[in-house]
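So this block is final02.txt, compact mmCIF, C-alpha atoms:
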```
# COMPACT_ATOMS: atom_id res chain seq x y z
CA MET A 8 104.44 60.56 -35.30
CA VAL A 9 105.36 57.06 -36.55
CA ASN A 10 105.24 56.62 -40.31
CA LEU A 11 102.91 53.99 -41.73
CA VAL A 12 104.28 51.59 -44.35
CA VAL A 13 102.82 48.72 -46.32
CA SER A 14 103.63 45.46 -44.56
CA LEU A 15 106.30 43.15 -45.99
CA TYR A 16 103.51 40.61 -46.22
CA THR A 17 100.96 42.61 -48.22
CA HIS A 18 100.32 41.93 -51.88
CA PHE A 19 97.80 44.05 -53.77
CA PHE A 20 96.87 43.84 -57.44
CA ARG A 21 94.17 44.56 -59.99
CA MET A 22 92.57 41.82 -62.02
CA HIS A 23 91.91 42.30 -65.74
CA ASP A 24 88.42 43.64 -65.03
CA ASN A 25 89.83 46.24 -62.59
CA ILE A 26 88.69 44.36 -59.50
CA CYS A 27 91.06 45.34 -56.70
CA LEU A 28 92.32 42.49 -54.52
CA LEU A 29 94.49 42.48 -51.44
CA TYR A 30 96.25 39.53 -49.81
CA ASN A 31 98.24 39.46 -46.58
CA SER A 32 100.45 36.43 -45.95
CA GLU A 33 100.90 37.18 -42.23
CA SER A 34 97.20 36.84 -41.47
CA ASN A 35 96.52 34.76 -44.60
CA SER A 36 93.62 37.10 -45.33
CA PHE A 37 92.18 38.03 -48.70
CA PHE A 38 90.05 41.07 -49.49
CA LYS A 39 88.27 42.70 -52.33
CA VAL A 40 88.72 46.44 -51.80
CA SER A 41 87.50 49.69 -53.30
CA GLU A 42 89.50 51.85 -55.70
CA GLU A 43 89.90 54.42 -52.92
CA ILE A 44 91.52 51.91 -50.56
CA PHE A 45 93.66 50.44 -53.32
CA ASP A 46 94.95 53.90 -54.31
CA TYR A 47 95.67 54.73 -50.67
CA ILE A 48 97.76 51.59 -50.19
CA GLU A 49 99.53 52.16 -53.49
CA LYS A 50 100.58 55.66 -52.42
CA ILE A 51 101.76 54.40 -49.03
CA ALA A 52 103.87 51.80 -50.83
CA GLU A 53 105.44 54.56 -52.94
CA GLY A 54 106.30 56.52 -49.80
CA LYS A 55 103.84 59.30 -50.60
CA TYR A 56 101.82 60.93 -47.86
CA THR A 57 98.08 60.51 -48.32
CA SER A 58 95.00 60.32 -46.16
CA ILE A 59 91.88 58.23 -45.77
CA ASN A 60 89.08 58.15 -43.21
CA GLN A 61 90.17 57.02 -39.75
CA GLU A 62 87.88 53.99 -39.59
CA THR A 63 89.34 52.52 -42.79
CA LYS A 64 92.89 53.25 -41.68
CA GLU A 65 92.28 51.42 -38.40
CA LEU A 66 90.90 48.42 -40.26
CA LEU A 67 93.96 48.30 -42.50
CA ILE A 68 96.22 48.43 -39.44
CA LYS A 69 94.10 45.79 -37.69
CA HIS A 70 94.65 43.38 -40.57
CA ASN A 71 98.37 44.26 -40.80
CA ILE A 72 97.97 45.59 -44.32
CA ILE A 73 99.73 48.75 -43.26
CA ILE A 74 101.88 48.91 -40.13
CA PRO A 75 103.99 51.40 -38.19
CA GLU A 76 107.44 51.55 -39.78
CA ASN A 77 109.13 50.51 -36.53
CA LYS A 78 107.18 47.24 -36.53
CA LYS A 79 108.45 46.02 -39.90
CA TYR A 80 109.97 42.87 -38.41
CA SER A 81 107.61 42.36 -35.48
CA TYR A 82 105.89 39.35 -37.01
CA TYR A 83 109.18 37.74 -38.06
CA ASN A 84 110.61 38.17 -34.56
CA ARG A 85 107.48 36.75 -32.89
CA VAL A 86 107.54 33.69 -35.11
CA LYS A 87 111.26 33.21 -34.50
CA LEU A 88 110.73 33.39 -30.74
CA MET A 89 107.81 30.95 -30.76
CA ASN A 90 109.71 28.64 -33.09
CA CYS A 91 112.72 28.57 -30.76
CA MET A 92 110.54 27.91 -27.71
CA ASP A 93 108.70 25.12 -29.50
CA ARG A 94 111.88 23.46 -30.79
CA PHE A 95 113.96 23.72 -27.63
CA TYR A 96 111.43 23.63 -24.79
CA SER A 97 108.76 21.23 -25.99
CA SER A 98 107.27 18.83 -23.46
CA LYS A 99 106.68 16.27 -26.24
CA LEU A 100 109.20 13.56 -27.06
CA THR A 101 109.12 12.36 -30.68
CA LEU A 102 110.66 8.97 -31.40
CA ASN A 103 110.86 7.54 -34.90
CA ILE A 104 111.94 3.97 -34.18
CA ILE A 105 113.48 1.82 -36.90
CA PRO A 106 113.09 -1.77 -35.65
CA THR A 107 114.85 -3.01 -38.78
CA THR A 108 116.64 -1.57 -41.79
CA CYS A 109 115.72 -4.67 -43.79
CA CYS A 110 113.13 -4.24 -46.54
CA ASN A 111 111.16 -6.68 -48.66
CA PHE A 112 111.23 -4.20 -51.56
CA SER A 113 114.18 -2.62 -53.34
CA CYS A 114 113.02 0.69 -54.81
CA SER A 115 115.52 2.40 -57.10
CA TYR A 116 115.13 5.84 -55.53
CA CYS A 117 115.45 4.74 -51.89
CA PHE A 118 117.84 6.90 -49.89
CA GLU A 119 118.90 3.77 -47.99
CA LYS A 120 120.60 2.31 -51.05
CA ASN A 121 123.87 1.89 -49.12
CA LYS A 122 122.25 0.58 -45.96
CA THR A 123 123.28 -2.40 -43.88
CA ASN A 124 120.61 -4.82 -42.74
CA TYR A 125 120.13 -4.82 -38.96
CA THR A 126 117.23 -5.68 -36.70
CA ILE A 127 116.91 -4.30 -33.19
CA THR A 128 118.14 -6.57 -30.41
CA ASP A 129 116.89 -7.19 -26.88
CA ASP A 130 119.86 -5.25 -25.49
CA ILE A 131 118.93 -2.17 -27.50
CA ILE A 132 115.30 -2.48 -26.40
CA ASP A 133 116.56 -2.65 -22.81
CA SER A 134 118.42 0.65 -23.40
CA LEU A 135 115.42 2.28 -25.06
CA ILE A 136 113.31 2.26 -21.90
CA PRO A 137 115.69 4.33 -19.68
CA PHE A 138 116.44 6.60 -22.66
CA ILE A 139 112.75 7.57 -22.67
CA ASN A 140 112.24 7.66 -18.92
CA LYS A 141 115.21 9.95 -18.26
CA ASN A 142 113.33 12.82 -19.93
CA GLU A 143 111.60 14.09 -16.82
CA ARG A 144 110.07 17.18 -18.49
CA ILE A 145 108.30 15.10 -21.14
CA LYS A 146 104.53 14.90 -20.79
CA LYS A 147 103.62 13.13 -24.02
CA LEU A 148 105.25 10.70 -26.43
CA SER A 149 104.84 10.78 -30.19
CA LEU A 150 105.80 7.38 -31.55
CA MET A 151 106.40 6.38 -35.17
CA TRP A 152 107.57 3.08 -36.68
CA TYR A 153 109.80 3.45 -39.69
CA GLY A 154 112.24 1.38 -41.73
CA GLY A 155 113.36 -0.38 -43.90
CA GLU A 156 110.01 -2.07 -43.69
CA PRO A 157 109.09 -1.98 -39.98
CA LEU A 158 106.62 -4.86 -40.21
CA LEU A 159 109.47 -7.21 -41.09
CA ALA A 160 110.25 -6.80 -37.38
CA PHE A 161 106.63 -7.03 -36.23
CA GLY A 162 107.65 -9.25 -33.31
CA LYS A 163 110.04 -6.54 -32.12
CA ILE A 164 107.33 -3.88 -32.39
CA LYS A 165 105.06 -6.02 -30.21
CA GLN A 166 107.90 -6.56 -27.74
CA ILE A 167 108.70 -2.83 -27.52
CA LEU A 168 105.06 -1.79 -27.06
CA SER A 169 104.62 -4.42 -24.36
CA ARG A 170 107.61 -2.95 -22.52
CA PHE A 171 106.19 0.54 -22.97
CA ASP A 172 102.88 -0.56 -21.44
CA ASN A 173 104.63 -1.79 -18.31
CA GLU A 174 107.70 0.40 -17.94
CA VAL A 175 107.14 3.80 -19.60
CA GLN A 176 105.07 6.32 -17.69
CA ILE A 177 104.74 8.87 -20.50
CA PRO A 178 101.43 8.51 -22.37
CA ILE A 179 101.52 8.02 -26.13
CA GLY A 180 99.81 11.01 -27.72
CA SER A 181 100.20 9.96 -31.34
CA HIS A 182 101.13 6.56 -32.75
CA SER A 183 101.89 6.01 -36.42
CA ILE A 184 103.68 3.78 -38.91
CA ILE A 185 105.20 4.31 -42.34
CA THR A 186 104.96 1.06 -44.25
CA ASN A 187 104.77 -0.28 -47.78
CA GLY A 188 101.59 -2.06 -46.67
CA TYR A 189 102.55 -5.46 -48.05
CA LEU A 190 102.68 -7.22 -44.66
CA PHE A 191 99.69 -5.48 -43.06
CA ASP A 192 97.62 -8.64 -42.64
CA GLN A 193 94.90 -9.69 -40.17
CA LYS A 194 97.27 -10.46 -37.27
CA VAL A 195 98.86 -7.01 -37.62
CA VAL A 196 95.46 -5.34 -37.74
CA ASP A 197 94.30 -7.26 -34.66
CA PHE A 198 97.38 -6.16 -32.73
CA PHE A 199 96.85 -2.50 -33.61
CA LYS A 200 93.29 -2.73 -32.39
CA ILE A 201 94.86 -3.19 -28.95
CA HIS A 202 97.59 -0.58 -29.54
CA PRO A 203 95.67 1.89 -31.74
CA LEU A 204 97.44 3.78 -34.48
CA THR A 205 96.62 7.42 -35.07
CA GLU A 206 97.94 7.33 -38.63
CA ILE A 207 99.27 4.89 -41.20
CA GLN A 208 101.19 5.99 -44.29
CA ILE A 209 101.26 3.51 -47.16
CA THR A 210 103.08 4.19 -50.39
CA LEU A 211 102.15 3.24 -53.95
CA ASP A 212 104.35 3.87 -56.97
CA GLY A 213 101.70 4.86 -59.48
CA ASN A 214 99.06 2.66 -61.06
CA GLU A 215 99.18 -1.13 -60.92
CA ASN A 216 101.53 -1.59 -63.86
CA GLU A 217 103.90 1.21 -62.80
CA HIS A 218 103.93 0.09 -59.19
CA ASN A 219 104.63 -3.56 -60.00
CA GLN A 220 107.60 -2.58 -62.15
CA LYS A 221 109.21 -0.72 -59.24
CA ARG A 222 108.00 -2.48 -56.09
CA PHE A 223 108.27 -6.22 -55.97
CA THR A 224 109.67 -8.98 -53.79
CA ARG A 225 111.78 -11.95 -54.76
CA THR A 226 108.66 -14.11 -54.93
CA ASP A 227 105.93 -11.63 -55.86
CA LYS A 228 106.09 -9.45 -58.95
CA HIS A 229 102.50 -8.20 -58.48
CA THR A 230 102.48 -6.49 -55.09
CA PHE A 231 99.98 -3.75 -55.99
CA SER A 232 96.84 -5.87 -55.62
CA LYS A 233 97.94 -7.30 -52.27
CA ILE A 234 98.63 -3.82 -50.86
CA ILE A 235 95.24 -2.56 -52.06
CA ASN A 236 93.51 -5.53 -50.40
CA ASN A 237 95.44 -4.85 -47.20
CA ILE A 238 94.26 -1.23 -47.25
CA ASP A 239 90.70 -2.56 -47.61
CA LEU A 240 91.29 -4.54 -44.42
CA ILE A 241 92.75 -1.59 -42.53
CA LEU A 242 89.97 0.82 -43.51
CA ASN A 243 87.29 -1.69 -42.56
CA GLU A 244 88.74 -2.83 -39.23
CA LEU A 245 90.65 0.21 -37.96
CA PRO A 246 88.02 2.93 -38.49
CA ASN A 247 89.64 5.38 -36.05
CA THR A 248 92.99 5.29 -37.84
CA HIS A 249 93.58 7.77 -40.65
CA VAL A 250 95.28 6.13 -43.63
CA PHE A 251 97.46 8.38 -45.76
CA ILE A 252 98.10 6.92 -49.19
CA ARG A 253 101.17 8.49 -50.72
CA ILE A 254 101.45 8.00 -54.47
CA ASN A 255 105.07 8.46 -55.45
CA ILE A 256 105.45 10.32 -58.71
CA ASP A 257 108.19 11.72 -60.87
CA GLU A 258 108.25 12.90 -64.48
CA SER A 259 107.84 9.34 -65.76
CA ASN A 260 104.50 8.49 -64.12
CA LYS A 261 102.84 11.80 -63.30
CA THR A 262 100.13 11.45 -65.96
CA SER A 263 98.65 8.36 -64.30
CA PHE A 264 98.01 10.03 -60.94
CA GLN A 265 94.54 11.27 -61.83
CA SER A 266 93.07 7.92 -62.87
CA LEU A 267 94.52 6.13 -59.84
CA TYR A 268 93.31 8.90 -57.53
CA GLU A 269 89.77 8.61 -58.88
CA GLN A 270 89.86 4.81 -58.80
CA LEU A 271 90.90 4.68 -55.15
CA TYR A 272 88.48 7.39 -54.01
CA LYS A 273 85.63 5.48 -55.61
CA ARG A 274 86.76 2.25 -53.94
CA TRP A 275 87.08 3.74 -50.45
CA ASP A 276 84.39 6.40 -50.46
CA GLY A 277 83.26 7.16 -46.92
CA LYS A 278 86.34 5.68 -45.26
CA ARG A 279 88.96 7.57 -43.27
CA PHE A 280 91.78 8.11 -45.74
CA SER A 281 93.62 10.72 -47.78
CA ILE A 282 95.52 10.43 -51.06
CA TYR A 283 98.33 12.77 -51.97
CA PRO A 284 101.21 12.92 -54.48
CA GLY A 285 104.64 12.21 -53.06
CA PHE A 286 107.19 14.01 -55.19
CA ILE A 287 110.26 11.79 -55.40
CA ARG A 288 113.48 13.69 -54.80
CA ILE A 289 115.99 12.21 -57.24
CA GLU A 290 119.51 13.51 -56.78
CA ASN A 291 122.60 13.54 -58.94
CA ALA A 292 125.45 11.11 -58.27
CA GLN A 293 127.29 13.71 -56.18
CA GLU A 294 124.17 14.30 -54.04
CA THR A 295 124.41 18.06 -54.51
CA GLN A 296 121.13 18.82 -56.30
CA MET A 297 117.94 17.32 -57.66
CA ILE A 298 117.82 16.28 -61.31
CA SER A 299 115.19 16.36 -64.03
CA PRO A 300 113.16 13.20 -63.21
CA SER A 301 112.13 14.96 -59.98
CA ILE A 302 109.02 17.11 -60.07
CA PHE A 303 109.77 20.57 -58.68
CA GLY A 304 109.33 24.25 -59.53
CA ASP A 305 107.24 24.90 -62.62
CA SER A 306 106.80 21.19 -63.22
CA ARG A 307 105.08 20.81 -59.85
CA ARG A 308 102.84 23.80 -60.49
CA ASN A 309 101.85 22.45 -63.88
CA PHE A 310 101.11 19.08 -62.31
CA PHE A 311 98.49 20.62 -59.99
CA LEU A 312 97.06 22.73 -62.79
CA SER A 313 96.63 19.62 -64.93
CA LEU A 314 94.78 17.91 -62.08
CA GLU A 315 92.34 20.79 -61.83
CA GLU A 316 91.78 20.76 -65.57
CA LYS A 317 90.88 17.07 -65.28
CA GLY A 318 88.25 17.77 -62.63
CA ILE A 319 90.17 17.03 -59.42
CA GLU A 320 89.62 19.78 -56.88
CA VAL A 321 92.84 21.58 -56.00
CA ASP A 322 93.04 24.31 -53.37
CA PHE A 323 95.37 27.00 -54.70
CA TYR A 324 94.95 29.24 -51.67
CA PRO A 325 98.12 29.58 -49.52
CA THR A 326 98.36 28.30 -45.96
CA ILE A 327 100.49 29.38 -43.01
CA ARG A 328 103.35 26.89 -42.81
CA GLU A 329 105.11 25.46 -39.79
CA LYS A 330 108.86 26.08 -39.83
CA ALA A 331 110.25 23.14 -37.90
CA CYS A 332 110.49 19.57 -39.12
CA SER A 333 111.55 16.85 -36.70
CA ALA A 334 115.21 17.28 -37.68
CA VAL A 335 115.39 20.66 -35.92
CA ARG A 336 113.43 19.76 -32.77
CA MET A 337 115.53 19.07 -29.70
CA ASN A 338 113.31 16.29 -28.37
CA SER A 339 112.91 14.50 -31.68
CA TYR A 340 115.06 11.51 -32.55
CA ILE A 341 115.30 8.73 -35.09
CA ILE A 342 116.45 5.57 -33.33
CA GLY A 343 118.15 2.97 -35.50
CA PRO A 344 118.20 -0.77 -34.76
CA GLU A 345 121.71 -0.56 -33.28
CA GLY A 346 120.59 2.15 -30.88
CA GLU A 347 122.12 4.85 -33.05
CA ILE A 348 120.50 8.29 -33.06
CA TYR A 349 119.87 10.43 -36.15
CA LYS A 350 118.14 13.78 -36.63
CA CYS A 351 116.94 13.28 -40.22
CA TRP A 352 115.30 10.30 -41.91
CA ASN A 353 117.55 10.78 -44.93
CA ASP A 354 120.60 10.25 -42.71
CA VAL A 355 119.61 6.71 -41.72
CA SER A 356 122.32 4.10 -42.38
CA ASN A 357 124.97 6.78 -42.94
CA LYS A 358 127.44 6.27 -40.08
CA ASN A 359 128.80 9.81 -40.56
CA LYS A 360 125.37 11.16 -39.66
CA ILE A 361 124.96 9.38 -36.34
CA ILE A 362 124.85 11.93 -33.50
CA GLY A 363 125.00 9.42 -30.64
CA TYR A 364 123.69 6.16 -29.17
CA ILE A 365 120.83 5.65 -26.72
CA ASN A 366 123.06 3.64 -24.37
CA ASN A 367 125.79 6.28 -24.30
CA LYS A 368 125.42 9.50 -22.31
CA LYS A 369 127.89 11.36 -24.52
CA LEU A 370 127.04 12.41 -28.06
CA THR A 371 129.41 11.27 -30.77
CA ASN A 372 128.73 14.06 -33.27
CA VAL A 373 127.87 17.30 -31.47
CA ASP A 374 128.93 19.29 -34.55
CA LEU A 375 126.20 17.74 -36.72
CA LEU A 376 123.58 18.16 -33.99
CA ALA A 377 124.53 21.84 -33.70
CA LYS A 378 124.24 22.32 -37.46
CA TYR A 379 120.73 20.92 -37.41
CA MET A 380 119.62 22.80 -34.33
CA VAL A 381 121.05 26.27 -34.94
CA ASP A 382 122.16 26.48 -38.56
CA SER A 383 119.58 24.74 -40.74
CA THR A 384 116.32 26.66 -40.34
CA ILE A 385 114.71 29.43 -42.34
CA PHE A 386 115.82 31.88 -39.62
CA GLU A 387 119.49 31.42 -40.56
CA ASP A 388 118.88 32.78 -44.07
CA ALA A 389 119.00 36.59 -44.21
CA LYS A 390 116.94 36.85 -47.38
CA CYS A 391 114.05 34.97 -45.72
CA ARG A 392 113.69 37.80 -43.19
CA GLU A 393 112.82 40.17 -46.05
CA CYS A 394 110.63 37.76 -47.98
CA PHE A 395 106.92 38.24 -48.53
CA PHE A 396 106.49 34.45 -48.59
CA PHE A 397 107.98 33.91 -45.13
CA PRO A 398 104.63 33.21 -43.35
CA ILE A 399 103.48 30.71 -46.00
CA CYS A 400 106.85 29.00 -46.51
CA GLY A 401 108.10 26.03 -44.52
CA GLY A 402 111.69 27.09 -45.03
CA GLY A 403 112.87 24.13 -47.08
CA CYS A 404 114.60 20.92 -46.04
CA PRO A 405 117.08 21.39 -43.15
CA GLN A 406 119.28 18.60 -44.48
CA TYR A 407 119.49 20.30 -47.88
CA ARG A 408 120.28 23.61 -46.16
CA ILE A 409 123.21 21.94 -44.36
CA GLN A 410 124.40 20.40 -47.62
CA ASN A 411 124.25 23.80 -49.31
CA LYS A 412 126.30 25.41 -46.54
CA TYR A 413 128.87 22.71 -45.85
CA GLU A 414 128.84 20.05 -48.59
CA ASN A 415 128.77 21.96 -51.91
CA GLY A 416 125.05 21.42 -52.29
CA ASN A 417 122.99 23.43 -54.75
CA TYR A 418 119.43 22.64 -53.67
CA ASP A 419 116.69 25.18 -54.29
CA LEU A 420 115.04 25.89 -50.92
CA CYS A 421 112.62 28.62 -52.02
CA ALA A 422 108.86 28.23 -51.77
CA VAL A 423 106.99 26.64 -54.64
CA ARG A 424 105.09 29.83 -55.26
CA ASN A 425 108.25 31.94 -55.48
CA ASP A 426 108.50 32.49 -59.23
CA LYS A 427 112.00 33.60 -60.16
CA LYS A 428 110.93 36.04 -62.90
CA ASP A 429 108.32 37.81 -60.83
CA ASP A 430 108.19 36.61 -57.27
CA LYS A 431 104.44 37.15 -56.96
CA GLN A 432 103.36 36.22 -60.47
CA TYR A 433 102.29 32.69 -59.61
CA LEU A 434 100.77 33.81 -56.31
CA THR A 435 98.64 36.35 -58.19
CA PHE A 436 97.51 33.60 -60.53
CA CYS A 437 96.52 31.39 -57.57
CA LEU A 438 94.67 34.18 -55.81
CA GLU A 439 92.74 35.05 -58.96
CA LYS A 440 91.70 31.41 -59.27
CA HIS A 441 90.59 31.44 -55.63
CA TYR A 442 88.65 34.66 -56.12
CA HIS A 443 86.71 33.20 -59.04
CA LYS A 444 86.07 30.04 -57.01
CA ILE A 445 84.48 31.91 -54.09
CA LYS A 446 82.89 34.72 -56.08
CA GLY A 447 79.15 34.79 -55.57
CA THR A 448 79.29 32.55 -52.51
CA GLU A 449 78.85 33.41 -48.85
CA GLN A 450 82.63 33.45 -48.59
CA SER A 451 82.87 36.25 -51.13
CA ILE A 452 80.76 38.38 -48.79
CA MET A 453 82.95 37.42 -45.88
CA ILE A 454 86.15 38.62 -47.52
CA GLN A 455 84.59 42.01 -48.08
CA ASN A 456 82.86 42.52 -44.76
CA ASP A 457 85.61 44.64 -43.16
CA LEU A 458 86.92 46.61 -46.12
```
Encoding of this model in structure tokens:
Amino acid sequence: MVNLVVSLYTHFFRMHDNICLLYNSESNSFFKVSEEIFDYIEKIAEGKYTSINQETKELLIKHNIIIPENKKYSYYNRVKLMNCMDRFYSSKLTLNIIPTTCCNFSCSYCFEKNKTNYTITDDIIDSLIPFINKNERIKKLSLMWYGGEPLLAFGKIKQILSRFDNEVQIPIGSHSIITNGYLFDQKVVDFFKIHPLTEIQITLDGNENEHNQKRFTRTDKHTFSKIINNIDLILNELPNTHVFIRINIDESNKTSFQSLYEQLYKRWDGKRFSIYPGFIRIENAQETQMISPSIFGDSRRNFFLSLEEKGIEVDFYPTIREKACSAVRMNSYIIGPEGEIYKCWNDVSNKNKIIGYINNKKLTNVDLLAKYMVDSTIFEDAKCRECFFFPICGGGCPQYRIQNKYENGNYDLCAVRNDKKDDKQYLTFCLEKHYHKIKGTEQSIMIQNDL
């Protein structure tokens, strides 16, 4: 007979009013349970033999609350297998093309502070076409424009897409651009009506005053209003494109997020857009860890709590997280304007981080590629295998993981909800908030219907 144990991914607790709650991170399920069930699970967790009616036991096994002891790592192994297959055998090619490293802004926190200014040439565009077409297994292309400011090379973007139309057989499944929005005028909008964008990401640096202090050109010290007007244009004329507005925040401007969020939602109500905080990662001079102006850990949690207190709806319920950013996908590349290939956006302009060139069959830095592909994921960290948060954790930044292993880095890669004093303390707090939010609604019946 196989012993039953409580799953690695089961968290059970009593609220102050003795309501018994049960959360499983593998299935991302949440239940209110009876005292009898709670006591049964508690005894199983203590390794004590106990019994309960067969129907209830089968339900607990069905929801992976309790599992056979020999299946302790079954979920972990399944996810690892699927992750490997997805990363190494995908039929999708992801290209993040940097048509220029030039930028019309000069933001203090930009990771391209040591960049050189290049714009893609016709020769590199000529090499780009066979680089794509040689991937015979590829069924779909995911294309993103990145920079610098990609629209400074708008003519090159048009040239590349024209070549794609005529010479690339792989269909474009998703098409996006990351831009500061300053140059997104009528002629750009008209072009992307012909070559539709799935998504646009535009960044603001806080409210108008904060933004204008950080993001300006040599001739325009008030870029905020122009970007907002350009977003008006995009939302009105590209209705099928989702616009993601990233508001960069750190400790210096976090208190203004709420008012700007409300202002923009009121302005664009009914349009296809999303607004989210972009937490700026500010590193020390040695590039070994983040420093205090960055919002992370408790500061990030308190930021979301403050938003809720101010009336902005925040969903504190966990979600299952994907464990593979583009840096660890075999068919995902960042193509620089000189035809150089990178695996991570943060590596752009660093010649030591180039893994090869699109016009060269041989890679120039196989060692770095190998580090990204086999040594930078959550699966290479033994403690993650034992962690309750594994299903709801993205695993942290692969580049930071490499820096920790090989470059004296000291970056914290643990999940936001992983409180160091009590690893489920903050999770319990979030689940209690979620319980009170759904209590008395149809959903509160749903979470009890099995148990």
Using all atoms listed in the file, the residue out of A:Phe37, A:Tyr47, A:Phe171, A:Tyr30 with shortest distance to Ile132 (chain A) is A:Phe171
query = Within 8 Å of (101.5, 55.2, -43.5), only C-alpha atoms: residues as a PyMOL selection string?
reply = chain A and resi 10-13+51+56-57+73-76
C-alpha atoms of the current selection, written as an mmCIF file, in the coordinates of the input:
```cif
data_model
loop_
_atom_site.group_PDB
_atom_site.id
_atom_site.type_symbol
_atom_site.label_atom_id
_atom_site.label_comp_id
_atom_site.auth_asym_id
_atom_site.auth_seq_id
_atom_site.Cartn_x
_atom_site.Cartn_y
_atom_site.Cartn_z
ATOM 1 C CA ASN A 10 105.240 56.620 -40.310
ATOM 2 C CA LEU A 11 102.910 53.990 -41.730
ATOM 3 C CA VAL A 12 104.280 51.590 -44.350
ATOM 4 C CA VAL A 13 102.820 48.720 -46.320
ATOM 5 C CA ILE A 51 101.760 54.400 -49.030
ATOM 6 C CA TYR A 56 101.820 60.930 -47.860
ATOM 7 C CA THR A 57 98.080 60.510 -48.320
ATOM 8 C CA ILE A 73 99.730 48.750 -43.260
ATOM 9 C CA ILE A 74 101.880 48.910 -40.130
ATOM 10 C CA PRO A 75 103.990 51.400 -38.190
ATOM 11 C CA GLU A 76 107.440 51.550 -39.780
#
```
For the atom pair CA of Lys233 (chain A) and CA of Leu211 (chain A), what is the interatomic distance in Å to one decimal place?
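So the two atoms, CA of Lys233 (chain A) and CA of Leu211 (chain A), lie 11.5 Å apart.
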Please report, as lines of an AutoDock Vina configuration file, the centre and edge lengths in Å to one decimal of an axis-aligned box covering all listed atoms of region 80-92 of chain A with 6 Å per side.
```
center_x = 109.3
center_y = 35.4
center_z = -33.1
size_x = 18.8
size_y = 27.0
size_z = 22.7
```
Need to verify the contact set: region 15-29 of chain A, 6 Å, only C-alpha atoms, exclusion of same-chain residues closer than 3 positions in sequence. Can you return it as a CSV table (one decimal) with C-alpha atoms, in the frame of the given file?
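Output file selection-v9.csv follows:
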```csv
chain,number,residue,atom,x,y,z
A,32,SER,CA,100.4,36.4,-46.0
A,33,GLU,CA,100.9,37.2,-42.2
A,37,PHE,CA,92.2,38.0,-48.7
A,38,PHE,CA,90.0,41.1,-49.5
A,39,LYS,CA,88.3,42.7,-52.3
A,40,VAL,CA,88.7,46.4,-51.8
A,72,ILE,CA,98.0,45.6,-44.3
A,395,PHE,CA,106.9,38.2,-48.5
```
Using only C-alpha atoms, the residue out of A:Ser113, A:Asn77, A:Asn71, A:Ser301 with shortest distance to Ile48 (chain A) is A:Asn71
*Which one of A:Ile131, A:Asn367, A:Thr126, A:Asp257 sits closest to Met297 (chain A) if you count all atoms listed in the file?*
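Checking each of A:Ile131, A:Asn367, A:Thr126, A:Asp257 against Met297 (chain A), counting all atoms listed in the file, the winner is A:Asp257.
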Within 10 Å of Lys358 (chain A), counting only C-alpha atoms, which residues qualify if same-chain residues fewer than 3 places away don't, as a ChimeraX atom specification? /A:122,347,349,354-355,361-362
field: Polymer residues at most 9 Å from Ile287 (chain A), all atoms listed in the file, same-chain spacing of 2 or more positions, as number ranges by chain
entry: A: 116, 255-257, 285, 289, 300-302
For the interface of region 18-104 of chain A with region 325-339 of chain A (cut-off 6 Å, counting all atoms listed in the file), please tabulate each contacting residue of region 18-104 of chain A alongside its nearest pair of atoms and their separation in Å to one decimal, rows sorted by chain and increasing number, as JSON lines.
```
{"residue": "A:Arg94", "atom": "CA", "partner": "A:Arg336", "partner_atom": "CA", "distance": 4.5}
{"residue": "A:Phe95", "atom": "CA", "partner": "A:Met337", "partner_atom": "CA", "distance": 5.3}
{"residue": "A:Leu100", "atom": "CA", "partner": "A:Asn338", "partner_atom": "CA", "distance": 5.1}
{"residue": "A:Thr101", "atom": "CA", "partner": "A:Ser339", "partner_atom": "CA", "distance": 4.5}
{"residue": "A:Leu102", "atom": "CA", "partner": "A:Ser339", "partner_atom": "CA", "distance": 6.0}
```
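With all atoms listed in the file as the basis for measurement, A:Asn372 is the residue among A:Ser34, A:Gln176, A:Asn372, A:Ser306 that approaches Lys350 (chain A) most closely.
Proximity ranking of A:Glu65, A:Glu174, A:Asp130, A:Glu244 relative to Phe198 (chain A) places A:Glu244 first, based on only C-alpha atoms.
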(request) Find the distance between CA of Thr210 (chain A) and CA of Ile234 (chain A) and write it in Å to one decimal. (result)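 CA of Ile234 (chain A) lies 9.2 Å from CA of Thr210 (chain A).
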When you draw a straight line from CA of Trp152 (chain A) to CA of Ile104 (chain A), how long is it in Å?
->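 So the answer is 5.1 Å.
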* Between A:Ser14, A:Thr107, A:Thr186, A:Gln265, which has the minimum distance to Ile68 (chain A) (counting only C-alpha atoms)? ->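 Nearest candidate to Ile68 (chain A) out of A:Ser14, A:Thr107, A:Thr186, A:Gln265: A:Ser14.
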